[in-house]
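Enquirer: Quick one, data_11.cif (mmCIF, C-alpha atoms):
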data_work
#
loop_
_atom_site.label_atom_id
_atom_site.label_comp_id
_atom_site.auth_asym_id
_atom_site.auth_seq_id
_atom_site.Cartn_x
_atom_site.Cartn_y
_atom_site.Cartn_z
CA LEU V 25 171.33 -68.74 2.81
CA MET V 26 169.00 -66.28 1.14
CA PRO V 27 165.96 -67.63 -0.76
CA SER V 28 166.80 -68.27 -4.39
CA LEU V 29 166.04 -70.49 -7.35
CA SER V 30 169.24 -72.39 -6.69
CA MET V 31 170.19 -75.63 -5.07
CA TYR V 32 173.11 -76.34 -2.78
CA LEU V 33 174.66 -79.78 -2.51
CA SER V 34 176.66 -81.22 0.36
CA LYS V 35 178.35 -84.60 0.02
CA ASP V 36 179.69 -84.56 3.56
CA TYR V 37 176.36 -84.26 5.40
CA GLY V 38 176.40 -80.51 5.79
CA GLY V 39 180.11 -79.90 6.35
CA SER V 40 180.50 -77.98 3.10
CA TRP V 41 178.11 -76.79 0.38
CA ALA V 42 178.41 -76.26 -3.36
CA LEU V 43 176.02 -74.35 -5.60
CA ILE V 44 174.71 -76.52 -8.44
CA LYS V 45 172.65 -75.73 -11.52
CA CYS V 46 169.45 -77.60 -10.69
CA GLY V 47 166.69 -75.06 -10.20
CA LEU V 48 163.32 -75.69 -8.59
CA GLN V 49 160.28 -75.67 -10.84
CA SER V 50 157.69 -75.71 -8.05
CA SER V 51 156.09 -72.36 -7.24
CA LEU V 52 155.93 -73.42 -3.59
CA ASN V 53 159.70 -73.51 -3.13
CA TYR V 54 162.37 -70.86 -3.39
CA GLY V 55 165.38 -73.10 -3.07
CA ALA V 56 166.74 -76.27 -1.56
CA LEU V 57 169.70 -77.76 0.18
CA ILE V 58 170.55 -81.36 -0.70
CA ILE V 59 172.42 -82.93 2.17
CA ASP V 60 173.07 -86.14 0.25
CA SER V 61 171.32 -88.22 -2.40
CA THR V 62 168.44 -89.06 -0.05
CA THR V 63 168.03 -86.01 2.20
CA VAL V 64 166.68 -82.72 0.90
CA LEU V 65 166.24 -79.55 2.95
CA VAL V 66 163.67 -77.42 1.10
CA LEU V 67 163.10 -73.71 1.68
CA GLN V 68 159.32 -73.20 1.83
CA SER V 69 157.48 -70.06 0.73
CA ASP V 70 157.20 -68.99 4.38
CA GLY V 71 161.00 -68.86 4.65
CA ILE V 72 161.28 -72.01 6.77
CA TYR V 73 163.44 -74.94 5.74
CA LYS V 74 161.69 -78.33 5.88
CA LEU V 75 163.52 -81.64 5.83
CA HIS V 76 162.44 -84.14 3.16
CA VAL V 77 163.85 -87.67 2.97
CA VAL V 78 163.88 -89.21 -0.50
CA TYR V 79 164.25 -92.96 -0.96
CA PRO V 80 165.22 -93.59 -4.61
CA ASP V 81 164.35 -97.29 -4.36
CA LYS V 82 160.86 -96.37 -3.11
CA HIS V 83 160.38 -93.48 -5.52
CA LEU V 84 157.19 -93.70 -7.59
CA LYS V 85 157.81 -95.43 -10.90
CA ALA V 86 155.94 -95.65 -14.19
CA SER V 87 156.53 -96.63 -17.81
CA ILE V 88 157.08 -95.08 -21.24
CA ASN V 89 156.01 -97.07 -24.28
CA GLY V 90 155.43 -96.62 -27.98
CA ILE V 91 155.94 -97.98 -31.47
CA VAL V 92 158.30 -96.92 -34.29
CA THR V 93 157.08 -97.08 -37.88
CA ASP V 94 157.93 -96.03 -41.43
CA SER V 95 156.17 -92.71 -42.10
CA LEU V 96 155.11 -93.85 -45.59
CA SER V 97 154.21 -97.53 -45.30
CA ILE V 98 153.46 -97.50 -41.53
CA GLN V 99 155.44 -100.76 -41.35
CA HIS V 100 157.37 -101.35 -38.12
CA ILE V 101 161.00 -100.26 -37.85
CA GLN V 102 163.81 -101.72 -35.78
CA ALA V 103 165.57 -99.10 -33.66
CA ASP V 104 167.83 -98.59 -30.67
CA LEU V 105 166.34 -96.27 -28.06
CA TYR V 106 168.22 -94.36 -25.36
CA LEU V 107 166.22 -92.76 -22.54
CA THR V 108 168.00 -90.33 -20.22
CA ALA V 109 167.18 -88.10 -17.27
CA THR V 110 169.42 -86.15 -14.93
CA THR V 111 169.54 -85.80 -11.19
CA CYS V 112 171.65 -83.22 -9.43
CA GLU V 113 174.40 -85.80 -9.04
CA SER V 114 174.30 -87.99 -12.13
CA THR V 115 172.61 -89.04 -15.35
CA MET V 116 170.29 -92.02 -15.55
CA THR V 117 170.41 -93.90 -18.87
CA TYR V 118 168.14 -96.70 -20.07
CA PHE V 119 168.46 -98.68 -23.31
CA LYS V 120 165.92 -100.66 -25.30
CA HIS V 121 165.66 -102.17 -28.77
CA THR V 122 162.31 -102.36 -30.50
CA ASP V 123 160.72 -105.80 -30.69
CA SER V 124 159.63 -107.64 -33.84
CA VAL V 125 156.65 -105.30 -34.34
CA GLY V 126 158.52 -102.06 -33.65
CA SER V 127 157.25 -101.66 -30.07
CA PHE V 128 159.26 -100.64 -27.02
CA LEU V 129 158.65 -100.39 -23.29
CA PHE V 130 160.70 -98.68 -20.59
CA ASP V 131 159.11 -100.13 -17.48
CA SER V 132 159.46 -99.21 -13.80
CA ILE V 133 161.51 -96.04 -14.21
CA PRO V 134 161.36 -93.15 -11.69
CA ILE V 135 158.78 -90.47 -12.41
CA SER V 136 159.90 -86.92 -13.16
CA VAL V 137 160.24 -84.78 -10.04
CA PRO V 138 162.31 -81.73 -10.99
CA PRO V 139 164.83 -80.84 -9.69
CA ILE V 140 165.44 -84.24 -8.09
CA ILE V 141 164.75 -86.13 -11.32
CA SER V 142 164.45 -84.17 -14.58
CA ASN V 143 162.10 -84.75 -17.48
CA TYR V 144 163.25 -87.46 -19.87
CA ASN V 145 164.98 -87.28 -23.24
CA LEU V 146 164.43 -90.06 -25.80
CA GLU V 147 166.89 -90.69 -28.65
CA ILE V 148 165.78 -93.00 -31.46
CA SER V 149 168.49 -94.48 -33.65
CA PRO V 150 166.71 -96.53 -36.33
CA GLU V 151 167.82 -99.06 -38.89
CA ILE V 152 169.05 -97.88 -42.30
CA PRO V 153 167.85 -95.78 -44.11
CA PHE V 154 165.51 -94.10 -41.61
CA ALA V 155 166.13 -90.79 -39.84
CA TYR V 156 167.44 -90.31 -36.33
CA LEU V 157 165.02 -88.57 -33.97
CA ASN V 158 165.33 -86.92 -30.56
CA ILE V 159 162.28 -86.31 -28.34
CA SER V 160 162.93 -84.04 -25.36
CA SER V 161 161.10 -82.89 -22.23
CA LEU V 162 159.02 -86.00 -21.61
CA HIS V 163 157.40 -85.44 -18.22
CA LEU V 164 156.70 -88.84 -16.67
CA ASP V 165 154.03 -88.92 -13.96
CA SER V 166 152.49 -91.88 -12.15
CA SER V 167 150.06 -92.58 -15.01
CA GLY V 168 152.94 -93.29 -17.44
CA ILE V 169 153.37 -92.20 -21.04
CA THR V 170 152.05 -93.89 -24.17
CA LEU V 171 153.60 -92.03 -27.07
CA PRO V 172 151.69 -91.62 -30.34
CA PRO V 173 153.17 -93.74 -33.17
CA ILE V 174 156.66 -92.46 -33.97
CA LYS V 175 156.70 -92.20 -37.77
CA LEU V 176 160.20 -91.89 -39.19
CA PRO V 177 160.93 -90.76 -42.77
CA THR V 178 163.79 -91.93 -44.92
CA ALA V 179 166.86 -89.91 -43.90
CA ASP V 180 168.44 -87.47 -46.35
CA VAL V 181 172.07 -88.35 -45.57
CA PHE V 182 174.02 -91.36 -44.28
CA VAL V 183 176.79 -90.23 -41.89
CA VAL V 184 179.54 -92.80 -41.24
CA GLY V 185 182.67 -92.42 -39.17
CA ASP V 186 185.29 -93.70 -36.79
CA ASP V 187 183.69 -91.78 -33.93
CA SER V 188 185.91 -92.43 -30.94
CA GLY V 189 185.83 -88.73 -30.00
CA ASN V 190 182.12 -87.87 -30.35
CA PHE V 191 182.62 -85.99 -33.62
CA ARG V 192 179.07 -86.83 -34.65
CA LYS V 193 177.73 -83.81 -32.78
CA TYR V 194 179.44 -81.47 -35.27
CA TYR V 195 177.86 -83.21 -38.25
CA GLU V 196 174.50 -83.31 -36.48
CA ALA V 197 174.66 -79.56 -35.82
CA ALA V 198 175.62 -78.80 -39.42
CA LEU V 199 172.90 -81.01 -40.91
CA ASP V 200 170.30 -79.71 -38.46
CA SER V 201 171.14 -76.15 -39.50
CA LEU V 202 170.55 -77.15 -43.14
CA GLY V 203 167.27 -78.85 -42.32
CA LEU V 204 168.59 -82.26 -43.42
CA SER V 205 167.77 -85.51 -41.65
CA TYR V 206 170.36 -88.24 -41.13
CA ASN V 207 171.21 -91.71 -39.94
CA ILE V 208 174.55 -92.11 -38.17
CA TRP V 209 176.77 -95.21 -38.12
CA ASN V 210 179.75 -95.42 -35.74
CA THR V 211 182.29 -97.89 -37.13
CA VAL V 212 183.97 -98.14 -33.71
CA THR V 213 180.92 -99.77 -32.12
CA GLU V 214 179.01 -101.10 -35.15
CA GLY V 215 181.76 -102.33 -37.46
CA VAL V 216 182.01 -101.79 -41.20
CA ALA V 217 179.16 -99.63 -42.47
CA PRO V 218 177.07 -100.71 -45.47
CA VAL V 219 177.86 -97.50 -47.37
CA GLY V 220 176.76 -99.17 -50.58
CA ARG V 221 173.23 -98.53 -49.35
CA GLY V 222 173.79 -94.77 -49.51
CA ILE V 223 171.68 -94.76 -52.69
CA GLU V 224 168.65 -95.57 -50.49
CA PHE V 225 168.85 -92.18 -48.74
CA GLY V 226 166.89 -89.13 -49.88
CA LYS V 227 169.93 -87.22 -51.13
CA HIS V 228 171.78 -90.39 -52.24
CA SER V 229 174.66 -89.09 -50.14
CA VAL V 230 177.19 -90.51 -47.69
CA ILE V 231 179.42 -88.42 -45.42
CA TYR V 232 182.46 -90.37 -44.24
CA PHE V 233 184.82 -89.08 -41.52
CA THR V 234 187.86 -90.61 -39.85
CA GLY V 235 187.70 -88.93 -36.43
CA ASN V 236 190.98 -89.23 -34.51
CA ARG V 237 192.42 -91.75 -36.93
CA HIS V 238 195.85 -90.86 -38.33
CA THR V 239 196.61 -94.07 -40.24
CA PRO V 240 195.82 -94.90 -43.88
CA LEU V 241 192.47 -96.50 -44.63
CA ASP V 242 192.65 -100.28 -44.84
CA SER V 243 191.76 -102.18 -48.01
CA ILE V 244 188.35 -103.27 -46.68
CA THR V 245 187.34 -99.66 -45.98
CA ILE V 246 188.59 -98.50 -49.40
CA GLU V 247 186.66 -101.27 -51.16
CA ASN V 248 183.59 -100.38 -49.13
CA LEU V 249 183.81 -96.72 -50.17
CA GLU V 250 184.31 -97.76 -53.79
CA SER V 251 181.10 -99.81 -53.58
CA CYS V 252 179.33 -96.65 -52.42
CA LEU V 253 180.43 -94.75 -55.52
CA ASN V 254 179.77 -97.68 -57.83
CA ALA V 255 176.21 -97.87 -56.53
CA GLY V 256 175.65 -94.27 -57.61
CA SER V 257 175.90 -92.49 -54.26
CA ASN V 258 177.54 -89.14 -53.63
CA LEU V 259 180.49 -89.53 -51.25
CA PHE V 260 181.84 -86.68 -49.13
#
Could you write out this structure as structure tokens?

Expert:
Amino acid sequence: LMPSLSMYLSKDYGGSWALIKCGLQSSLNYGALIIDSTTVLVLQSDGIYKLHVVYPDKHLKASINGIVTDSLSIQHIQADLYLTATTCESTMTYFKHTDSVGSFLFDSIPISVPPIISNYNLEISPEIPFAYLNISSLHLDSSGITLPPIKLPTADVFVVGDDSGNFRKYYEAALDSLGLSYNIWNTVTEGVAPVGRGIEFGKHSVIYFTGNRHTPLDSITIENLESCLNAGSNLF
């Protein structure tokens, strides 16, 4: 194989190889062959392949911690946090919920070693009416990461839907393009949304979508949407 910024993966210990999209970020390497999830054959700058054995259970680990607060009052906020990183074979996902003072800690997670383990992405899904936030490209080294206080504003729009088909990404893209912040509630996993609280959002607006649903709205949902309008919110 010619030197390149590509990586080749074999799941049958070298019997066959497939080109994958993980590229090396180290200036010392031109490319790599991954024999399996623990054995990496790296092409050095001198054109010689060198065998590296990686033990995921012995891989250096560190922590990411921080606190989530209201951007105005600096009071703590409750939030769900999803931390993800990719390897060339899979995605690692970690979940935490902030404690009573808004703090969180992801402890003993593998450090970032691109292309074996990517940098991390942190999604913050806070309580109503605060805005969703995504923090990307967190490079975790052995010293760990203490994030500065994450100060969330009140979201502009409350997005609610029966999201069994990941429709939220379309609404996120549209609102991002308009420069509007949002809080998203999935009725499939979270139950009936408190749309009557739409008045608490910056634009006093609720966007409600039905996803893949093809049946009439039930009486509870209709009453819930009526409460949204009665409270003075805009309903779309």

Enquirer: Suppose a student applies the PyMOL selection byres ((chain V and resi 84-97) around 6) to this structure; what residues should they get, written as a PyMOL selection string?

Expert: chain V and resi 83+98-101+126-135+166+168-171+173-177

Enquirer: Which residues match the PyMOL selection byres ((chain V and resi 258) around 10) in the file above, as a PyMOL selection string?

Expert: chain V and resi 181+222-223+227-231+252-257+259-260

Enquirer: Work out how far apart atom CA of V:Pro138 and atom CA of V:Asp165 are and give it in Å to one decimal.

Expert: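 Calculated distance between atom CA of V:Pro138 and atom CA of V:Asp165 is 11.4 Å.
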
Enquirer: So, with all atoms listed in the file as the atoms that count, which of V:Ala197, V:Leu202, V:Leu157, V:Val183 lies closest to V:Arg221?

Expert: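 Ranked by minimum distance to V:Arg221, first place goes to V:Val183.
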
Enquirer: One decimal, Å: what's the distance from atom CA of V:Thr239 over to atom CA of V:Lys193, could you say?

Expert: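 Straight-line distance from atom CA of V:Thr239 to atom CA of V:Lys193 works out to 22.7 Å.
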
Enquirer: Which residue out of V:Glu196, V:Gly220, V:Asp187, V:Leu249 has the minimum interatomic distance to V:Phe233 when all atoms listed in the file are used?

Expert: V:Asp187

Enquirer: Quick one: residues within 8 Å of stretch 105-107 of chain V, only C-alpha atoms, excluding same-chain residues fewer than 2 positions away - as a list in words?

Expert: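 My reading of the contact set: Ala103, Ala109, Thr117, Tyr118, Phe119, Lys120, His121, Thr122, Tyr144, Asn145, Leu146, Glu147, Ile148 and Ser149 of chain V.
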
Enquirer: Take atom CA of V:Phe182 and atom CA of V:Ser124 and report the distance between them in Å, one decimal.

Expert: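 That distance, rounded to one decimal, is 24.1 Å.
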
Enquirer: Given the point (184.9, -89.2, -30.1) in the file's coordinates, find the residues that have an atom at most 12 Å from it, counting all atoms listed in the file, and give them as a list in words.

Expert: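 Output: Gly185, Asp186, Asp187, Ser188, Gly189, Asn190, Phe191, Arg192, Lys193, Tyr194, Asn210, Thr211, Val212, Thr213, Phe233, Thr234, Gly235, Asn236 and Arg237 of chain V.
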
Enquirer: Would you mind telling me which residue in V:Val219, V:Met116, V:Leu199, V:Val125 lies nearest to V:Pro153 when using all atoms listed in the file?

Expert: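 Checking each of V:Val219, V:Met116, V:Leu199, V:Val125 against V:Pro153, counting all atoms listed in the file, the winner is V:Val219.
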
Enquirer: Emit as AutoDock Vina command-line options the padded axis-aligned box for all listed atoms of stretch 104-113 of chain V, 5 Å per side, with centre and edge lengths in Å to one decimal.

Expert:
--center_x 170.3 --center_y -90.9 --center_z -19.9 --size_x 18.2 --size_y 25.4 --size_z 31.6

Enquirer: Which one of V:Pro150, V:Ala217, V:His238, V:Tyr156 sits closest to V:Asp200 if you count all atoms listed in the file?

Expert: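 Between V:Pro150, V:Ala217, V:His238, V:Tyr156, the residue approaching V:Asp200 most closely is V:Tyr156.
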
Enquirer: Which residue is closest to V:Ile246? Choose from V:Gly203, V:Ser136, V:Val216, V:Glu151 and count all atoms listed in the file.

Expert: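 Of V:Gly203, V:Ser136, V:Val216, V:Glu151, the one nearest V:Ile246, counting all atoms listed in the file, is V:Val216.
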
Enquirer: In terms of the shortest atom-to-atom distance over all atoms listed in the file, which of V:Val137, V:Ile244, V:Ala155, V:Val184 is closest to V:Gly226?

Expert: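 When distances to V:Gly226 are compared using all atoms listed in the file, the smallest one comes from V:Ala155.
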